[in-house]
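Structure file model.csv; described as CSV, C-alpha atoms and all ligand atoms.
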```csv
chain,number,residue,atom,x,y,z
E,80,MET,CA,-36.4,0.6,-7.1
E,81,ILE,CA,-34.5,3.3,-8.9
E,82,THR,CA,-35.6,6.8,-8.0
E,83,THR,CA,-32.4,8.8,-7.6
E,84,ILE,CA,-29.8,9.0,-10.3
E,85,GLY,CA,-26.2,10.3,-9.8
E,86,VAL,CA,-24.5,11.9,-12.8
E,87,VAL,CA,-20.7,12.7,-12.6
E,88,GLY,CA,-19.4,15.3,-15.1
E,89,ALA,CA,-21.6,18.3,-16.0
E,90,GLY,CA,-20.3,19.0,-19.5
E,91,THR,CA,-22.1,18.6,-22.8
E,92,MET,CA,-23.2,15.1,-22.1
E,93,GLY,CA,-23.6,15.0,-18.3
E,94,GLY,CA,-25.9,18.1,-18.4
E,95,GLY,CA,-28.0,16.4,-21.1
E,96,ILE,CA,-28.1,13.1,-19.3
E,97,ALA,CA,-29.2,14.9,-16.1
E,98,GLN,CA,-31.9,16.7,-18.0
E,99,ALA,CA,-33.2,13.5,-19.6
E,100,PHE,CA,-33.5,11.7,-16.2
E,101,ALA,CA,-35.0,14.8,-14.5
E,102,GLN,CA,-37.6,15.1,-17.3
E,103,ALA,CA,-38.5,11.4,-16.9
E,104,GLY,CA,-39.3,12.0,-13.2
E,105,PHE,CA,-36.1,10.9,-11.5
E,106,ALA,CA,-34.3,12.9,-8.7
E,107,VAL,CA,-30.9,13.8,-10.1
E,108,ARG,CA,-27.7,14.6,-8.3
E,109,LEU,CA,-25.2,16.2,-10.7
E,110,VAL,CA,-21.5,16.4,-9.6
E,111,ASP,CA,-18.6,18.2,-11.2
E,112,VAL,CA,-15.3,19.6,-9.9
E,113,ALA,CA,-16.3,23.3,-9.7
E,114,GLU,CA,-19.5,25.4,-9.1
E,115,PRO,CA,-19.3,27.4,-12.3
E,116,LEU,CA,-19.4,24.2,-14.3
E,117,LEU,CA,-22.6,23.2,-12.4
E,118,ASP,CA,-24.1,26.6,-12.9
E,119,ARG,CA,-23.4,26.4,-16.6
E,120,ALA,CA,-25.1,23.0,-16.8
E,121,ARG,CA,-28.2,24.2,-14.9
E,122,ARG,CA,-28.4,27.2,-17.3
E,123,GLY,CA,-28.1,24.9,-20.3
E,124,MET,CA,-30.9,22.7,-18.9
E,125,GLU,CA,-33.1,25.8,-18.4
E,126,LYS,CA,-32.5,27.0,-21.9
E,127,SER,CA,-33.2,23.5,-23.4
E,128,LEU,CA,-36.4,23.1,-21.4
E,129,ASP,CA,-37.5,26.7,-22.3
E,130,THR,CA,-37.1,25.7,-26.0
E,131,PHE,CA,-39.3,22.7,-25.5
E,132,VAL,CA,-41.9,24.8,-23.7
E,133,ASN,CA,-41.9,27.4,-26.5
E,134,LYS,CA,-42.4,24.7,-29.1
E,135,GLY,CA,-45.3,23.3,-27.1
E,136,LYS,CA,-43.5,20.0,-26.4
E,137,VAL,CA,-43.2,20.4,-22.6
E,138,ALA,CA,-45.7,22.1,-20.3
E,139,ALA,CA,-44.3,25.0,-18.2
E,140,ALA,CA,-45.2,23.1,-15.0
E,141,ASP,CA,-43.3,20.0,-16.2
E,142,ARG,CA,-40.2,22.2,-17.0
E,143,ASP,CA,-40.3,23.6,-13.4
E,144,ALA,CA,-40.8,20.2,-11.9
E,145,ALA,CA,-37.8,18.8,-13.9
E,146,LEU,CA,-35.6,21.7,-12.8
E,147,GLY,CA,-36.8,21.1,-9.2
E,148,ARG,CA,-35.6,17.5,-9.3
E,149,LEU,CA,-32.0,18.6,-10.1
E,150,THR,CA,-29.5,19.1,-7.2
E,151,THR,CA,-25.8,19.8,-7.8
E,152,ALA,CA,-22.6,19.2,-5.8
E,153,THR,CA,-18.8,19.4,-6.1
E,154,ALA,CA,-18.2,16.3,-3.9
E,155,LEU,CA,-18.9,12.7,-4.8
E,156,ASP,CA,-20.4,12.2,-1.3
E,157,ALA,CA,-23.6,13.6,-2.7
E,158,LEU,CA,-24.0,10.2,-4.5
E,159,VAL,CA,-24.1,7.9,-1.4
E,160,GLU,CA,-27.9,7.6,-1.7
E,161,ALA,CA,-28.0,7.2,-5.5
E,162,ASP,CA,-29.7,4.2,-7.0
E,163,TYR,CA,-27.8,4.3,-10.3
E,164,ILE,CA,-24.8,6.3,-11.3
E,165,VAL,CA,-23.9,7.5,-14.8
E,166,GLU,CA,-20.3,8.8,-15.3
E,167,ALA,CA,-19.8,11.4,-18.0
E,168,ILE,CA,-16.3,12.9,-17.3
E,169,VAL,CA,-13.5,13.5,-19.7
E,170,GLU,CA,-12.6,10.7,-22.2
E,171,ASN,CA,-9.5,9.7,-20.4
E,172,VAL,CA,-8.9,6.1,-19.2
E,173,GLU,CA,-6.9,7.0,-16.1
E,174,ALA,CA,-9.4,9.7,-14.9
E,175,LYS,CA,-12.3,7.3,-15.5
E,176,ARG,CA,-10.6,4.3,-13.7
E,177,ALA,CA,-9.8,6.5,-10.7
E,178,LEU,CA,-13.3,7.8,-10.6
E,179,PHE,CA,-14.8,4.3,-10.8
E,180,THR,CA,-12.6,3.1,-7.9
E,181,SER,CA,-13.9,6.1,-5.8
E,182,LEU,CA,-17.5,5.6,-6.8
E,183,ASP,CA,-17.3,1.9,-6.0
E,184,ALA,CA,-16.1,2.8,-2.4
E,185,LEU,CA,-18.9,5.2,-1.7
E,186,ALA,CA,-21.9,4.1,-3.7
E,187,LYS,CA,-24.4,1.6,-2.3
E,188,PRO,CA,-23.0,-1.9,-3.0
E,189,GLU,CA,-25.9,-3.2,-5.0
E,190,ILE,CA,-26.2,-0.3,-7.5
E,191,ILE,CA,-25.0,-0.2,-11.1
E,192,LEU,CA,-22.2,2.2,-12.2
E,193,ALA,CA,-22.6,3.1,-15.8
E,194,SER,CA,-20.2,5.0,-18.1
E,195,ASN,CA,-21.1,7.3,-21.0
E,196,THR,CA,-17.7,6.6,-22.5
E,197,SER,CA,-17.6,6.9,-26.3
E,198,SER,CA,-14.9,4.3,-26.7
E,199,ILE,CA,-13.0,3.2,-23.5
E,200,SER,CA,-13.3,-0.4,-22.5
E,201,ILE,CA,-16.1,-1.1,-20.1
E,202,THR,CA,-14.2,-4.2,-18.9
E,203,LEU,CA,-11.3,-2.0,-17.9
E,204,LEU,CA,-13.6,0.4,-15.9
E,205,GLY,CA,-15.3,-2.6,-14.3
E,206,ALA,CA,-11.9,-4.0,-13.2
E,207,ALA,CA,-11.2,-0.8,-11.3
E,208,THR,CA,-14.1,-1.7,-9.0
E,209,LYS,CA,-15.1,-4.6,-6.8
E,210,ARG,CA,-18.4,-4.9,-8.7
E,211,PRO,CA,-17.5,-5.6,-12.4
E,212,ASP,CA,-20.8,-7.4,-12.8
E,213,ARG,CA,-22.6,-4.1,-12.1
E,214,VAL,CA,-20.5,-1.9,-14.5
E,215,LEU,CA,-21.8,-1.3,-18.0
E,216,GLY,CA,-21.7,1.2,-20.8
E,217,MET,CA,-24.6,3.6,-21.3
E,218,HIS,CA,-23.6,5.6,-24.4
E,219,PHE,CA,-26.0,8.4,-24.9
E,220,MET,CA,-25.9,10.5,-28.1
E,221,ASN,CA,-25.5,14.2,-28.3
E,222,PRO,CA,-27.8,16.2,-27.8
E,223,VAL,CA,-29.2,13.8,-25.2
E,224,PRO,CA,-32.6,15.3,-24.8
E,225,LEU,CA,-33.3,14.9,-28.5
E,226,MET,CA,-31.5,11.7,-29.5
E,227,THR,CA,-33.3,8.5,-28.9
E,228,LEU,CA,-30.5,5.9,-29.2
E,229,VAL,CA,-28.5,4.6,-26.2
E,230,GLU,CA,-25.7,2.1,-27.0
E,231,MET,CA,-25.6,-0.3,-24.1
E,232,ILE,CA,-22.2,-1.9,-23.7
E,233,ARG,CA,-21.7,-5.2,-22.0
E,234,GLY,CA,-18.3,-5.6,-20.3
E,235,GLN,CA,-16.6,-9.0,-20.0
E,236,ALA,CA,-18.1,-9.4,-16.5
E,237,THR,CA,-21.3,-7.4,-16.8
E,238,SER,CA,-24.3,-9.5,-15.7
E,239,ASP,CA,-27.5,-10.1,-17.7
E,240,GLU,CA,-29.4,-8.6,-14.8
E,241,SER,CA,-27.4,-5.3,-15.0
E,242,MET,CA,-27.9,-5.1,-18.8
E,243,ARG,CA,-31.7,-5.7,-18.3
E,244,ILE,CA,-31.9,-3.0,-15.6
E,245,GLY,CA,-29.8,-0.5,-17.7
E,246,SER,CA,-31.9,-1.2,-20.8
E,247,GLU,CA,-35.2,-0.8,-18.9
E,248,LEU,CA,-34.0,2.6,-17.6
E,249,CYS,CA,-33.4,3.7,-21.2
E,250,ARG,CA,-36.9,2.8,-22.0
E,251,ARG,CA,-38.2,4.8,-19.1
E,252,LEU,CA,-36.4,7.8,-20.6
E,253,GLY,CA,-38.2,7.2,-23.9
E,254,LYS,CA,-35.0,6.0,-25.5
E,255,THR,CA,-34.1,2.8,-27.5
E,256,PRO,CA,-31.3,0.7,-26.1
E,257,VAL,CA,-29.1,-1.2,-28.5
E,258,GLU,CA,-26.6,-3.7,-27.1
E,259,ALA,CA,-22.9,-3.7,-28.3
E,260,ALA,CA,-20.0,-5.8,-27.3
E,261,ASP,CA,-17.0,-4.3,-25.5
E,262,PHE,CA,-14.7,-3.6,-28.5
E,263,PRO,CA,-13.0,-0.2,-29.1
E,264,GLY,CA,-15.5,2.4,-30.2
E,265,PHE,CA,-18.4,-0.1,-29.8
E,266,ILE,CA,-20.7,0.2,-32.8
E,267,ALA,CA,-21.4,3.9,-33.2
E,268,ASN,CA,-17.9,5.3,-33.1
E,269,ARG,CA,-16.2,2.4,-34.8
E,270,ILE,CA,-18.2,3.4,-37.9
E,271,LEU,CA,-18.6,7.2,-37.4
E,272,MET,CA,-15.1,8.2,-36.5
E,273,PRO,CA,-13.2,6.7,-39.5
E,274,MET,CA,-15.7,8.6,-41.7
E,275,ILE,CA,-15.1,11.9,-39.8
E,276,ASN,CA,-11.3,11.3,-39.9
E,277,GLU,CA,-11.4,10.7,-43.6
E,278,ALA,CA,-13.4,13.9,-44.1
E,279,ILE,CA,-10.6,15.7,-42.2
E,280,TYR,CA,-7.9,14.1,-44.4
E,281,ALA,CA,-10.0,15.4,-47.4
E,282,VAL,CA,-9.8,18.9,-46.0
E,283,MET,CA,-6.0,18.6,-45.3
E,284,GLU,CA,-5.3,17.3,-48.8
E,285,GLY,CA,-7.4,20.0,-50.4
E,286,VAL,CA,-9.9,17.6,-51.9
E,287,GLY,CA,-12.7,20.0,-51.0
E,288,THR,CA,-13.6,22.8,-48.6
E,289,PRO,CA,-15.4,21.9,-45.3
E,290,GLU,CA,-18.5,23.3,-46.9
E,291,ALA,CA,-18.1,21.2,-50.0
E,292,ILE,CA,-17.4,18.0,-48.1
E,293,ASP,CA,-20.4,18.5,-45.8
E,294,THR,CA,-22.7,19.4,-48.7
E,295,VAL,CA,-21.6,16.2,-50.6
E,296,MET,CA,-22.5,14.0,-47.5
E,297,LYS,CA,-25.7,15.9,-46.8
E,298,LEU,CA,-27.2,16.0,-50.4
E,299,GLY,CA,-25.4,13.0,-51.8
E,300,MET,CA,-25.7,10.6,-48.9
E,301,ASN,CA,-28.8,12.0,-47.2
E,302,HIS,CA,-27.0,12.6,-43.9
E,303,PRO,CA,-28.8,15.2,-41.9
E,304,MET,CA,-25.5,16.9,-41.0
E,305,GLY,CA,-22.1,16.8,-42.7
E,306,PRO,CA,-19.2,15.0,-41.0
E,307,LEU,CA,-17.2,18.2,-40.3
E,308,THR,CA,-20.2,20.0,-38.8
E,309,LEU,CA,-20.8,16.9,-36.7
E,310,ALA,CA,-17.1,16.8,-35.6
E,311,ASP,CA,-17.4,20.4,-34.5
E,312,PHE,CA,-20.5,19.5,-32.6
E,313,ILE,CA,-19.0,16.5,-30.9
E,314,GLY,CA,-15.8,18.4,-30.0
E,315,LEU,CA,-12.5,17.9,-31.9
E,316,ASP,CA,-10.7,16.8,-28.7
E,317,VAL,CA,-13.3,14.2,-28.1
E,318,CYS,CA,-13.0,12.9,-31.7
E,319,LEU,CA,-9.2,12.7,-31.3
E,320,ALA,CA,-9.5,10.8,-28.0
E,321,ILE,CA,-11.8,8.3,-29.6
E,322,LEU,CA,-9.6,7.8,-32.7
E,323,GLU,CA,-6.6,7.2,-30.4
E,324,VAL,CA,-8.6,4.5,-28.5
E,325,LEU,CA,-9.5,2.9,-31.9
E,326,HIS,CA,-5.9,3.1,-33.1
E,327,ASP,CA,-4.5,1.7,-29.9
E,328,GLY,CA,-7.2,-1.0,-29.6
E,329,PHE,CA,-7.1,-2.4,-33.1
E,330,GLY,CA,-3.5,-1.5,-33.9
E,331,ASP,CA,-4.7,-0.8,-37.5
E,332,PRO,CA,-3.2,2.3,-39.3
E,333,LYS,CA,-6.6,2.9,-40.8
E,334,TYR,CA,-7.7,4.5,-37.5
E,335,ARG,CA,-4.7,6.8,-37.3
E,336,ALA,CA,-5.9,10.4,-36.5
E,337,CYS,CA,-5.4,12.9,-39.2
E,338,PRO,CA,-2.5,15.3,-38.5
E,339,LEU,CA,-4.8,18.3,-39.2
E,340,LEU,CA,-7.1,17.1,-36.4
E,341,ARG,CA,-4.1,16.9,-34.0
E,342,ARG,CA,-3.0,20.3,-35.0
E,343,MET,CA,-6.4,21.9,-34.5
E,344,VAL,CA,-6.8,20.3,-31.1
E,345,ALA,CA,-3.2,21.5,-30.1
E,346,ALA,CA,-4.2,25.0,-31.1
E,347,GLY,CA,-7.4,24.9,-29.0
E,348,GLN,CA,-9.7,24.8,-32.0
E,349,LEU,CA,-12.1,22.2,-30.5
E,350,GLY,CA,-15.2,23.0,-32.5
E,351,ARG,CA,-18.4,24.5,-31.4
E,352,LYS,CA,-17.5,24.6,-27.7
E,353,SER,CA,-14.3,26.7,-28.3
E,354,GLY,CA,-15.9,28.9,-31.0
E,355,GLN,CA,-13.6,27.7,-33.7
E,356,GLY,CA,-13.3,24.3,-35.5
E,357,PHE,CA,-14.0,23.6,-39.2
E,358,TYR,CA,-16.4,26.5,-38.9
E,359,THR,CA,-16.5,29.6,-36.8
E,360,TYR,CA,-19.3,29.9,-34.1
E,401,LIG,N1,-19.5,15.1,-26.8
E,401,LIG,C1,-20.2,14.2,-27.4
E,401,LIG,O1,-20.8,14.3,-28.4
E,401,LIG,C2,-20.2,12.8,-26.7
E,401,LIG,C3,-21.1,11.9,-27.2
E,401,LIG,C4,-21.2,10.6,-26.5
E,401,LIG,C5,-20.4,10.4,-25.5
E,401,LIG,N2,-19.5,11.3,-25.0
E,401,LIG,C6,-18.6,10.9,-23.9
E,401,LIG,O2,-19.2,11.6,-22.7
E,401,LIG,C7,-18.1,11.9,-21.8
E,401,LIG,C8,-18.1,13.4,-21.5
E,401,LIG,O3,-18.0,14.1,-22.7
E,401,LIG,P1,-18.4,15.6,-22.8
E,401,LIG,O4,-18.4,16.0,-24.3
E,401,LIG,O5,-19.6,15.9,-22.0
E,401,LIG,O6,-17.1,16.3,-22.1
E,401,LIG,P2,-17.0,17.8,-21.5
E,401,LIG,O7,-15.5,18.1,-21.6
E,401,LIG,O8,-18.0,18.7,-22.1
E,401,LIG,O9,-17.4,17.6,-20.0
E,401,LIG,C9,-16.7,16.8,-19.1
E,401,LIG,C10,-16.9,17.3,-17.7
E,401,LIG,O10,-16.4,16.4,-16.7
E,401,LIG,C11,-15.9,17.1,-15.7
E,401,LIG,N3,-14.9,16.3,-14.9
E,401,LIG,C12,-13.7,15.9,-15.3
E,401,LIG,N4,-13.1,15.1,-14.4
E,401,LIG,C13,-14.0,15.0,-13.4
E,401,LIG,C14,-14.0,14.3,-12.2
E,401,LIG,N5,-13.0,13.5,-11.8
E,401,LIG,N6,-15.1,14.4,-11.4
E,401,LIG,C15,-16.2,15.2,-11.7
E,401,LIG,N7,-16.2,15.8,-12.9
E,401,LIG,C16,-15.2,15.8,-13.7
E,401,LIG,C17,-15.3,18.4,-16.3
E,401,LIG,O11,-15.1,19.4,-15.4
E,401,LIG,C18,-16.3,18.7,-17.4
E,401,LIG,O12,-17.3,19.6,-16.9
E,401,LIG,C19,-16.8,11.4,-22.5
E,401,LIG,O13,-16.5,10.1,-22.0
E,401,LIG,C20,-17.2,11.4,-24.0
E,401,LIG,O14,-16.4,10.5,-24.7
E,401,LIG,C21,-19.4,12.5,-25.7
```
Rewrite the structure of this file - the entire thing - as structure tokens.
Amino acid sequence: MITTIGVVGAGTMGGGIAQAFAQAGFAVRLVDVAEPLLDRARRGMEKSLDTFVNKGKVAAADRDAALGRLTTATALDALVEADYIVEAIVENVEAKRALFTSLDALAKPEIILASNTSSISITLLGAATKRPDRVLGMHFMNPVPLMTLVEMIRGQATSDESMRIGSELCRRLGKTPVEAADFPGFIANRILMPMINEAIYAVMEGVGTPEAIDTVMKLGMNHPMGPLTLADFIGLDVCLAILEVLHDGFGDPKYRACPLLRRMVAAGQLGRKSGQGFYTY
């Protein structure tokens, strides 16, 4: 029975994933490398839950109960009792593989290790462990407490049973699992990132301002948010990392990251989280 969830990485996604599980009644152990990052995640969760309470979507008592189910730690040892672990650290294959090897050594042998990776091969992460049948992708969307899709990625060795357990957990969170095969970018980012990249080329070539491009896609295509607003929201460094995985994985120049995106990331213009991207925050 799954009652305690481990989440590694307390950034944009890890904090949201921890919140979703805590709201659904699970005990959550959230791990990151330093205390200030964990404090920031807890504050983010408090703020998000307060908004839900103010809108009448969550009762004050349920907010307090959810916050009470969250514990934080800077050492992975906190996860030895976890019944299911979701990794949400930086989108870097070496960092993730090293973490999966460590998690495999300390977590209960029967439990599933899930990755929230946007694009990295689940098969590769599974191969860093001795339990590749119990490694899968659980790709939540940002912001996690609001978005109901979870892309469930089956690695080459992932068992049917692991996919069933992971999908059932999504439903317990009130979310809809959709299965994707282990190809670079899976379904969501294989389709989304080339569109964002093209929008950035359009800015670089002076086809339109960011405002013009976003407005065309919002009013003309009925997208709720323009691609450049979305890129700022996702994080331009994250977008670049995903495009590199697509480019390396398919070897097709159509996935080559726009030079303007590279330049902005090099300058520390990472979008919303840095205060500057295609827009100023
Ligand atoms: N940002 C998005 O919109 C989005 C959407 C879906 C999936 N993802 C994926 O989720 C993952 C996390 O993305 P994010 O946007 O939350 O990144 P982020 O940079 O906001 O957070 C990453 C966190 O991981 C921590 N971390 C790094 N190495 C660690 C380690 N070894 N042990 C413990 N903690 C460690 C960092 O300190 C940081 O707090 C990535 O794989 C990303 O591709 C992101």
Collect all residues with atoms no farther than 6 Å from ligand LIG 401 (chain E), counting only C-alpha atoms and all ligand atoms, and output them as a ChimeraX atom specification. /E:87-93,110-112,116,167-170,178,195-197,218-221,313-314,317
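When only C-alpha atoms are used to measure the gap to E:Leu149, the shortest distance among E:Gly264, E:Gly104, E:Pro273, E:Pro188 belongs to E:Gly104.
Coordinates place atom CA of E:Gly147 at a distance of 8.4 Å from atom CA of E:Ala101.
The nearest approach to E:Ala278 among the residues E:Ile96, E:Leu182, E:Ala207, E:Leu307, with all atoms listed in the file taken into account, belongs to E:Leu307.
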Residue contacts of E:Phe100 (10 Å, all atoms listed in the file) excluding same-chain residues fewer than 4 positions away, as a list in words: Thr82, Thr83, Ile84, Gly85, Val86, Gly95, Ile96, Gly104, Phe105, Ala106, Val107, Ala145, Arg148, Leu149, Pro224, Leu248, Cys249, Arg251 and Leu252 of chain E
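From atom CA of E:Arg341 back to atom CA of E:Thr359, the distance works out to 18.0 Å.
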Skipping near chain neighbours, those fewer than 5 positions away, what residues fall within 8 Å of E:Phe312 using only C-alpha atoms, listed as a list in words? Gly350, Arg351 and Lys352 of chain E
Export, as a PDB file, in the coordinates of the input, the selected residues with C-alpha atoms.
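The resulting file, out-v2.pdb, is reproduced below:
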```pdb
ATOM      1  CA  GLY E 350     -15.200  23.000 -32.500  1.00  0.00           C
ATOM      2  CA  ARG E 351     -18.400  24.500 -31.400  1.00  0.00           C
ATOM      3  CA  LYS E 352     -17.500  24.600 -27.700  1.00  0.00           C
TER       4      LYS E 352
END
```
Please produce stretch 203-234 of chain E, completed to N, CA and C atoms, as a compact mmCIF listing (two decimals), in the frame of the given file.
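Result file is out.txt:
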```
# COMPACT_ATOMS: atom_id res chain seq x y z
N LEU E 203 -12.35 -2.66 -18.63
CA LEU E 203 -11.30 -2.00 -17.90
C LEU E 203 -11.82 -1.13 -16.76
N LEU E 204 -12.94 -0.47 -17.00
CA LEU E 204 -13.60 0.40 -15.90
C LEU E 204 -14.12 -0.55 -14.85
N GLY E 205 -14.74 -1.66 -15.25
CA GLY E 205 -15.30 -2.60 -14.30
C GLY E 205 -14.17 -3.18 -13.38
N ALA E 206 -13.01 -3.41 -13.98
CA ALA E 206 -11.90 -4.00 -13.20
C ALA E 206 -11.30 -3.02 -12.22
N ALA E 207 -11.67 -1.75 -12.32
CA ALA E 207 -11.20 -0.80 -11.30
C ALA E 207 -12.13 -0.77 -10.09
N THR E 208 -13.15 -1.65 -10.11
CA THR E 208 -14.10 -1.70 -9.00
C THR E 208 -14.15 -3.15 -8.45
N LYS E 209 -14.90 -3.30 -7.36
CA LYS E 209 -15.10 -4.60 -6.80
C LYS E 209 -16.49 -5.17 -7.26
N ARG E 210 -17.13 -4.50 -8.22
CA ARG E 210 -18.40 -4.90 -8.70
C ARG E 210 -18.50 -4.94 -10.23
N PRO E 211 -17.55 -5.63 -10.89
CA PRO E 211 -17.50 -5.60 -12.40
C PRO E 211 -18.79 -6.11 -13.01
N ASP E 212 -19.55 -6.93 -12.29
CA ASP E 212 -20.80 -7.40 -12.80
C ASP E 212 -21.86 -6.31 -12.90
N ARG E 213 -21.64 -5.24 -12.13
CA ARG E 213 -22.60 -4.10 -12.10
C ARG E 213 -21.96 -2.86 -12.73
N VAL E 214 -21.08 -3.05 -13.68
CA VAL E 214 -20.50 -1.90 -14.50
C VAL E 214 -20.88 -2.16 -15.92
N LEU E 215 -21.42 -1.14 -16.55
CA LEU E 215 -21.80 -1.30 -18.00
C LEU E 215 -21.63 0.06 -18.68
N GLY E 216 -21.72 0.02 -19.99
CA GLY E 216 -21.70 1.20 -20.80
C GLY E 216 -23.06 1.69 -21.14
N MET E 217 -23.31 2.98 -20.97
CA MET E 217 -24.60 3.60 -21.30
C MET E 217 -24.27 4.78 -22.16
N HIS E 218 -24.12 4.55 -23.46
CA HIS E 218 -23.60 5.60 -24.40
C HIS E 218 -24.70 6.37 -25.00
N PHE E 219 -24.97 7.54 -24.39
CA PHE E 219 -26.00 8.40 -24.90
C PHE E 219 -25.42 9.19 -26.13
N MET E 220 -26.32 9.70 -26.96
CA MET E 220 -25.90 10.50 -28.10
C MET E 220 -26.19 11.96 -27.87
N ASN E 221 -25.44 12.80 -28.52
CA ASN E 221 -25.50 14.20 -28.30
C ASN E 221 -26.39 14.89 -29.41
N PRO E 222 -27.34 15.76 -29.10
CA PRO E 222 -27.80 16.20 -27.80
C PRO E 222 -28.74 15.22 -27.12
N VAL E 223 -28.44 14.89 -25.88
CA VAL E 223 -29.20 13.80 -25.20
C VAL E 223 -30.68 14.01 -25.16
N PRO E 224 -31.18 15.23 -24.89
CA PRO E 224 -32.60 15.30 -24.80
C PRO E 224 -33.36 15.04 -26.11
N LEU E 225 -32.64 15.11 -27.23
CA LEU E 225 -33.30 14.90 -28.50
C LEU E 225 -33.02 13.52 -29.13
N MET E 226 -31.86 12.95 -28.84
CA MET E 226 -31.50 11.70 -29.50
C MET E 226 -31.97 10.49 -28.78
N THR E 227 -32.58 9.57 -29.52
CA THR E 227 -33.30 8.50 -28.90
C THR E 227 -32.46 7.20 -28.71
N LEU E 228 -31.28 7.15 -29.33
CA LEU E 228 -30.50 5.90 -29.20
C LEU E 228 -29.62 5.95 -27.93
N VAL E 229 -29.54 4.79 -27.26
CA VAL E 229 -28.50 4.60 -26.20
C VAL E 229 -27.82 3.26 -26.54
N GLU E 230 -26.52 3.34 -26.79
CA GLU E 230 -25.70 2.10 -27.00
C GLU E 230 -25.43 1.53 -25.64
N MET E 231 -25.86 0.29 -25.40
CA MET E 231 -25.60 -0.30 -24.10
C MET E 231 -24.49 -1.32 -24.24
N ILE E 232 -23.39 -1.09 -23.50
CA ILE E 232 -22.20 -1.90 -23.70
C ILE E 232 -22.01 -2.88 -22.54
N ARG E 233 -21.87 -4.14 -22.93
CA ARG E 233 -21.70 -5.20 -22.00
C ARG E 233 -20.18 -5.48 -21.81
N GLY E 234 -19.64 -5.25 -20.60
CA GLY E 234 -18.30 -5.60 -20.30
C GLY E 234 -18.12 -7.10 -20.19
```
